[in-house]
Amino acid sequence: MQQNDLIRRTQAVVWHPCTQMKQHLATPPLAISRGSGVWLYDAAGRAYLDGISSWWVNLFGHANPRINAAICDQLAQIEHVMLAGCTHEPVVALSEQLVALTGLDHVFYGSDGASATEIALKMSFHYWHNCGRPSKTEFISLAQGYHGETLGALSVTDVAIFKDTYAPLLRHSTQAASPDWRLAEAGESAEQYALRAAEDLARILQQQHERVAAVIIEPLVQAAAGMAMHHPAYLRRVRQLCDDYSVHLIADEIAVGFGRTGTLFACEQGDIRPDLMCLSKGITGGYLPLSAVLASDAVYQAFYGDATARGFLHSHSYTGNPLACRAALASLAIFEQDQVLAGNAHKGAYLDAAAMPLRAHPRVANFRRTGMIWAFEVRDAGADFARDFYLAALAQGVLLRPIGNTVYFMPPYVITEEQIDHLLDASFAALTQAI
Ligand SMILES: Cc1ncc(COP(=O)(O)O)c(C=O)c1O
């Protein structure tokens, strides 16, 4: 009853993200009243395993005691102070740690992923302007890429359903071939295909580099495209091309950062250092909106000087919010204290082995994994497959949101072997029901 009332009230006044609201009449939103670990609970007390970490943000479970304690402690000190003209311990400590962990040098903060993309694009453009190369105004991104939905971020995104309507509002950008290994030809390895795809970028750069400020990529996994995965050799080649043609490399690690690909940052697997790195989502363990753009010292120095306009005059009210920074520090402490990356390697291997029956299901194709991200395509999926599968999984006590006919798992790192079994059993059952 309480649940129905909440759904009626949300439908009256809440405009939900990425949703045709009319569809909520037939498929009402899930009304969540609390969470604990991997579990989300509705008002009736039904538990759902959060198989996609609440849009890829949650790392250490809902209501994690250590992150809760850090936020409560910070709350008693200072909840927020503007970062223009002020500073505070949590933002300094977090910046020191991010610099040490990424090998980059300076940290600029935003509030969410899309704002990080905007910051990185503007920084790159402004760098070239300050360096006396104002013709470098364009960006190259990858086919199937996704970098957020504000106008600048959407300009470098390549997902038609999000982009086409707004085309008249967007800046032109060029898309290079995606290194997605599913596009490899028969007999071609993932690495060979990644290097072949990089040659498309080489061709574009050769023609356009005088006008190009930066190449922006999602390293290792193009998540919103349906967990399209590629070989790390691609990263090395792109780094080399960007150096050869004096173009910035922006690594958008918003979805893949903080351990999702098996290493703390995906760039580590290509052994590369981008010029700019965007972080968000898991940065606070999934607690509070925060994003960061890390910049090399070379980028930073181009802004440093006497003229105010030479500085990066970009701001968001909640930049470097102390509560969010404390959540991020608590989350980084868990990585170290619990040796999370090593534990995830075991969990990953366990899930792979336990998923054998699912992999063998006649409807499953391209079963793949990078770190703690799994995905597969479903053969003979109907137009409503994503909704059907979501509902069927929900009935089994698991929250999953396929992207088209791609089902993926991106669970919180605190998932146990027993919970992995539940995730897989529910998915198997949902697969036999969803059409
Ligand atoms: C790679 C990538 N970049 C940017 C974004 C945008 O982040 P936000 O939704 O926080 O604006 C996302 C969101 O899914 C993403 O996956």
# chains A, B, ... in the order shown; residues from 1 in each chain; ligands from 1

$ select_by_dssp --residues "region 36-235 of chain A" --states "strand (DSSP E)" --output "JSON, numbers by chain"
{"A": [36, 39, 40, 41, 42, 47, 48, 49, 50, 106, 107, 108, 109, 110, 138, 139, 140, 141, 142, 174, 175, 176, 212, 213, 214, 215, 216, 217, 221, 222, 228, 229]}

$ residues_around --residues "region 82-98 of chain A" --least-positions-apart "5" --cutoff "8 Å" --atoms "only C-alpha atoms" --output "list in words"
His106, Val107, Ser317, Tyr318, Thr319, Gly320, Asn321, Pro322, Cys325, Arg326, Ala328 and Leu329 of chain A

$ write_last_selection --atoms "N, CA, C and O atoms" --output "short mmCIF file (atom, residue, chain, number, x, y, z; two decimals), in the first residue's frame"
data_model
loop_
_atom_site.label_atom_id
_atom_site.label_comp_id
_atom_site.auth_asym_id
_atom_site.auth_seq_id
_atom_site.Cartn_x
_atom_site.Cartn_y
_atom_site.Cartn_z
N HIS A 106 47.73 17.35 -11.17
CA HIS A 106 46.83 18.35 -10.58
C HIS A 106 45.39 17.88 -10.74
O HIS A 106 45.05 17.24 -11.73
N VAL A 107 44.55 18.24 -9.76
CA VAL A 107 43.17 17.72 -9.77
C VAL A 107 42.17 18.88 -9.76
O VAL A 107 42.22 19.73 -8.87
N SER A 317 29.23 24.99 -8.14
CA SER A 317 29.03 25.39 -6.73
C SER A 317 29.57 24.35 -5.75
O SER A 317 30.16 24.69 -4.73
N TYR A 318 29.37 23.07 -6.06
CA TYR A 318 29.74 22.02 -5.10
C TYR A 318 31.12 21.43 -5.36
O TYR A 318 31.45 20.35 -4.83
N THR A 319 31.94 22.13 -6.16
CA THR A 319 33.30 21.65 -6.45
C THR A 319 34.04 21.25 -5.18
O THR A 319 34.17 22.05 -4.25
N GLY A 320 34.53 20.02 -5.14
CA GLY A 320 35.36 19.56 -4.02
C GLY A 320 34.61 19.46 -2.71
O GLY A 320 35.20 19.63 -1.63
N ASN A 321 33.34 19.14 -2.76
CA ASN A 321 32.52 19.06 -1.54
C ASN A 321 33.19 18.15 -0.49
O ASN A 321 33.57 17.01 -0.78
N PRO A 322 33.34 18.65 0.75
CA PRO A 322 34.07 17.88 1.77
C PRO A 322 33.45 16.52 2.09
O PRO A 322 34.18 15.55 2.33
N CYS A 325 34.39 14.22 -0.69
CA CYS A 325 35.83 13.90 -0.62
C CYS A 325 36.10 12.90 0.50
O CYS A 325 36.93 11.99 0.35
N ARG A 326 35.42 13.04 1.64
CA ARG A 326 35.62 12.06 2.73
C ARG A 326 35.13 10.68 2.33
O ARG A 326 35.75 9.66 2.65
N ALA A 328 35.16 9.56 -0.66
CA ALA A 328 36.18 9.06 -1.60
C ALA A 328 37.41 8.56 -0.85
O ALA A 328 37.98 7.52 -1.19
N LEU A 329 37.81 9.30 0.18
CA LEU A 329 38.98 8.86 0.96
C LEU A 329 38.70 7.55 1.68
O LEU A 329 39.56 6.66 1.74
#

$ closest_atom_pairs --of "chain A" --to "ligand 1" --cutoff "8 Å" --atoms "only C-alpha atoms and all ligand atoms" --output "JSON lines"
{"residue": "A:Trp55", "atom": "CA", "partner": "ligand 1", "partner_atom_place_in_ligand_line": "14 (O)", "distance": 7.1}
{"residue": "A:Trp56", "atom": "CA", "partner": "ligand 1", "partner_atom_place_in_ligand_line": "14 (O)", "distance": 7.6}
{"residue": "A:Ser111", "atom": "CA", "partner": "ligand 1", "partner_atom_place_in_ligand_line": "10 (O)", "distance": 7.9}
{"residue": "A:Asp112", "atom": "CA", "partner": "ligand 1", "partner_atom_place_in_ligand_line": "10 (O)", "distance": 4.2}
{"residue": "A:Gly113", "atom": "CA", "partner": "ligand 1", "partner_atom_place_in_ligand_line": "7 (O)", "distance": 3.2}
{"residue": "A:Ala114", "atom": "CA", "partner": "ligand 1", "partner_atom_place_in_ligand_line": "11 (O)", "distance": 3.7}
{"residue": "A:Ser115", "atom": "CA", "partner": "ligand 1", "partner_atom_place_in_ligand_line": "11 (O)", "distance": 6.5}
{"residue": "A:Ala116", "atom": "CA", "partner": "ligand 1", "partner_atom_place_in_ligand_line": "4 (C)", "distance": 7.7}
{"residue": "A:Thr117", "atom": "CA", "partner": "ligand 1", "partner_atom_place_in_ligand_line": "4 (C)", "distance": 6.6}
{"residue": "A:Gly145", "atom": "CA", "partner": "ligand 1", "partner_atom_place_in_ligand_line": "1 (C)", "distance": 7.7}
{"residue": "A:Tyr146", "atom": "CA", "partner": "ligand 1", "partner_atom_place_in_ligand_line": "1 (C)", "distance": 5.5}
{"residue": "A:His147", "atom": "CA", "partner": "ligand 1", "partner_atom_place_in_ligand_line": "3 (N)", "distance": 3.6}
{"residue": "A:Gly148", "atom": "CA", "partner": "ligand 1", "partner_atom_place_in_ligand_line": "6 (C)", "distance": 3.7}
{"residue": "A:Glu149", "atom": "CA", "partner": "ligand 1", "partner_atom_place_in_ligand_line": "11 (O)", "distance": 6.6}
{"residue": "A:Thr150", "atom": "CA", "partner": "ligand 1", "partner_atom_place_in_ligand_line": "11 (O)", "distance": 7.7}
{"residue": "A:Ala153", "atom": "CA", "partner": "ligand 1", "partner_atom_place_in_ligand_line": "4 (C)", "distance": 7.7}
{"residue": "A:Glu218", "atom": "CA", "partner": "ligand 1", "partner_atom_place_in_ligand_line": "1 (C)", "distance": 5.7}
{"residue": "A:Gln222", "atom": "CA", "partner": "ligand 1", "partner_atom_place_in_ligand_line": "1 (C)", "distance": 6.8}
{"residue": "A:Ala223", "atom": "CA", "partner": "ligand 1", "partner_atom_place_in_ligand_line": "16 (O)", "distance": 5.7}
{"residue": "A:Ala224", "atom": "CA", "partner": "ligand 1", "partner_atom_place_in_ligand_line": "16 (O)", "distance": 5.8}
{"residue": "A:Asp252", "atom": "CA", "partner": "ligand 1", "partner_atom_place_in_ligand_line": "1 (C)", "distance": 5.6}
{"residue": "A:Glu253", "atom": "CA", "partner": "ligand 1", "partner_atom_place_in_ligand_line": "1 (C)", "distance": 6.1}
{"residue": "A:Ile254", "atom": "CA", "partner": "ligand 1", "partner_atom_place_in_ligand_line": "2 (C)", "distance": 4.9}
{"residue": "A:Ala255", "atom": "CA", "partner": "ligand 1", "partner_atom_place_in_ligand_line": "16 (O)", "distance": 4.5}
{"residue": "A:Val256", "atom": "CA", "partner": "ligand 1", "partner_atom_place_in_ligand_line": "1 (C)", "distance": 7.2}
{"residue": "A:Cys278", "atom": "CA", "partner": "ligand 1", "partner_atom_place_in_ligand_line": "3 (N)", "distance": 8.0}
{"residue": "A:Ser280", "atom": "CA", "partner": "ligand 1", "partner_atom_place_in_ligand_line": "10 (O)", "distance": 6.6}
{"residue": "A:Lys281", "atom": "CA", "partner": "ligand 1", "partner_atom_place_in_ligand_line": "10 (O)", "distance": 6.2}
{"residue": "A:Pro289", "atom": "CA", "partner": "ligand 1", "partner_atom_place_in_ligand_line": "10 (O)", "distance": 7.7}
{"residue": "A:Ser291", "atom": "CA", "partner": "ligand 1", "partner_atom_place_in_ligand_line": "10 (O)", "distance": 7.9}

$ closest_residue --among "A:Gly37, A:Ile7, A:Thr406, A:Val238" --to "His24 (chain A)" --atoms "only C-alpha atoms"
A:Ile7

$ residues_around --residues "His230 (chain A)" --least-positions-apart "2" --cutoff "8 Å" --atoms "only C-alpha atoms" --output "list in words"
Pro179, Asp180, Trp181, Ala190, Glu191, Ala194, Leu220, Val221, Ala228, Pro232 and Tyr234 of chain A

$ write_last_selection --atoms "N, CA and C atoms" --output "short mmCIF file (atom, residue, chain, number, x, y, z; two decimals), in the first residue's frame"
data_model
loop_
_atom_site.label_atom_id
_atom_site.label_comp_id
_atom_site.auth_asym_id
_atom_site.auth_seq_id
_atom_site.Cartn_x
_atom_site.Cartn_y
_atom_site.Cartn_z
N PRO A 179 37.51 0.15 -31.33
CA PRO A 179 38.38 -1.04 -31.23
C PRO A 179 37.66 -2.27 -30.68
N ASP A 180 36.36 -2.19 -30.47
CA ASP A 180 35.51 -3.30 -29.96
C ASP A 180 35.87 -4.62 -30.65
N TRP A 181 36.34 -5.60 -29.87
CA TRP A 181 36.83 -6.84 -30.51
C TRP A 181 35.74 -7.63 -31.22
N ALA A 190 41.89 -10.15 -31.04
CA ALA A 190 41.44 -8.87 -30.47
C ALA A 190 42.54 -7.82 -30.61
N GLU A 191 43.78 -8.26 -30.40
CA GLU A 191 44.90 -7.32 -30.48
C GLU A 191 45.10 -6.84 -31.92
N ALA A 194 42.41 -4.41 -32.70
CA ALA A 194 42.59 -3.11 -32.01
C ALA A 194 43.60 -2.26 -32.76
N LEU A 220 39.55 0.55 -22.48
CA LEU A 220 39.24 -0.88 -22.31
C LEU A 220 37.78 -1.28 -22.46
N VAL A 221 36.84 -0.47 -21.94
CA VAL A 221 35.43 -0.85 -22.07
C VAL A 221 34.60 0.37 -22.45
N ALA A 228 31.28 -2.82 -24.75
CA ALA A 228 32.17 -3.17 -25.86
C ALA A 228 33.60 -3.13 -25.32
N PRO A 232 44.27 -3.92 -24.67
CA PRO A 232 45.07 -2.79 -24.18
C PRO A 232 46.09 -2.26 -25.19
N TYR A 234 45.52 -1.18 -27.90
CA TYR A 234 44.92 0.02 -28.49
C TYR A 234 45.36 1.27 -27.74
#

$ residues_around --residues "Val299 (chain A)" --least-positions-apart "3" --cutoff "8 Å" --atoms "only C-alpha atoms" --output "MDAnalysis selection string"
chainID A and resid 124 127 275 295:296 302:303

$ write_last_selection --atoms "N, CA, C and O atoms" --output "tab-separated table (two decimals), in the first residue's frame"
chain	number	residue	atom	x	y	z
A	124	SER	N	41.47	21.24	-22.56
A	124	SER	CA	42.32	20.95	-23.71
A	124	SER	C	42.27	22.10	-24.72
A	124	SER	O	43.32	22.61	-25.15
A	127	TYR	N	44.08	25.08	-23.32
A	127	TYR	CA	45.54	24.86	-23.32
A	127	TYR	C	46.13	25.31	-24.66
A	127	TYR	O	47.09	26.06	-24.70
A	275	ASP	N	46.93	12.75	-20.93
A	275	ASP	CA	47.18	14.15	-20.55
A	275	ASP	C	46.12	14.61	-19.56
A	275	ASP	O	46.38	15.42	-18.68
A	295	ALA	N	45.08	16.37	-14.44
A	295	ALA	CA	45.83	16.97	-15.55
A	295	ALA	C	47.32	16.80	-15.33
A	295	ALA	O	47.80	16.79	-14.20
A	296	SER	N	48.05	16.68	-16.44
A	296	SER	CA	49.51	16.64	-16.35
A	296	SER	C	50.02	18.02	-15.99
A	296	SER	O	49.32	19.03	-16.17
A	302	ALA	N	50.37	25.64	-18.62
A	302	ALA	CA	49.91	26.54	-19.70
A	302	ALA	C	48.86	27.53	-19.19
A	302	ALA	O	48.57	28.53	-19.85
A	303	PHE	N	48.30	27.26	-18.01
A	303	PHE	CA	47.27	28.15	-17.44
A	303	PHE	C	47.86	29.08	-16.37
A	303	PHE	O	47.20	30.00	-15.93

$ select_by_dssp --residues "region 222-296 of chain A" --states "helix (DSSP H, G or I)" --output "list of chain:residue names"
A:Ala233, A:Tyr234, A:Leu235, A:Arg236, A:Arg237, A:Val238, A:Arg239, A:Gln240, A:Leu241, A:Cys242, A:Asp243, A:Asp244, A:Cys267, A:Glu268, A:Gln269, A:Gly270, A:Lys281, A:Gly282, A:Ile283, A:Thr284

$ write_last_selection --atoms "C-alpha atoms" --output "PDB file, in the first residue's frame"
ATOM      1  CA  ALA A 233      47.377  -2.584 -27.228  1.00  0.00           C
ATOM      2  CA  TYR A 234      44.920   0.021 -28.489  1.00  0.00           C
ATOM      3  CA  LEU A 235      45.786   2.339 -25.608  1.00  0.00           C
ATOM      4  CA  ARG A 236      49.507   2.208 -26.329  1.00  0.00           C
ATOM      5  CA  ARG A 237      48.965   2.954 -30.021  1.00  0.00           C
ATOM      6  CA  VAL A 238      46.604   5.863 -29.315  1.00  0.00           C
ATOM      7  CA  ARG A 239      49.079   7.350 -26.832  1.00  0.00           C
ATOM      8  CA  GLN A 240      51.790   7.111 -29.474  1.00  0.00           C
ATOM      9  CA  LEU A 241      49.603   8.732 -32.146  1.00  0.00           C
ATOM     10  CA  CYS A 242      48.606  11.583 -29.835  1.00  0.00           C
ATOM     11  CA  ASP A 243      52.287  12.237 -29.089  1.00  0.00           C
ATOM     12  CA  ASP A 244      53.247  12.070 -32.768  1.00  0.00           C
ATOM     13  CA  CYS A 267      45.126   3.083 -18.440  1.00  0.00           C
ATOM     14  CA  GLU A 268      47.498   1.016 -16.299  1.00  0.00           C
ATOM     15  CA  GLN A 269      46.866  -2.007 -18.538  1.00  0.00           C
ATOM     16  CA  GLY A 270      48.181  -0.120 -21.564  1.00  0.00           C
ATOM     17  CA  LYS A 281      30.930   7.279 -10.454  1.00  0.00           C
ATOM     18  CA  GLY A 282      32.927   4.932  -8.165  1.00  0.00           C
ATOM     19  CA  ILE A 283      35.128   7.739  -6.861  1.00  0.00           C
ATOM     20  CA  THR A 284      32.962   8.123  -3.729  1.00  0.00           C
TER      21      THR A 284
END

$ atom_distance --atom1 "CA of Trp39 (chain A)" --atom2 "CA of Gly61 (chain A)"
7.8 Å

$ closest_residue --among "A:Ile204, A:Leu25, A:Ala292, A:Ala266" --to "Gly110 (chain A)" --atoms "only C-alpha atoms"
A:Ala292

$ closest_residue --among "A:Gln175, A:Ser33, A:Asn366, A:Ser54" --to "Ile216 (chain A)" --atoms "only C-alpha atoms"
A:Gln175
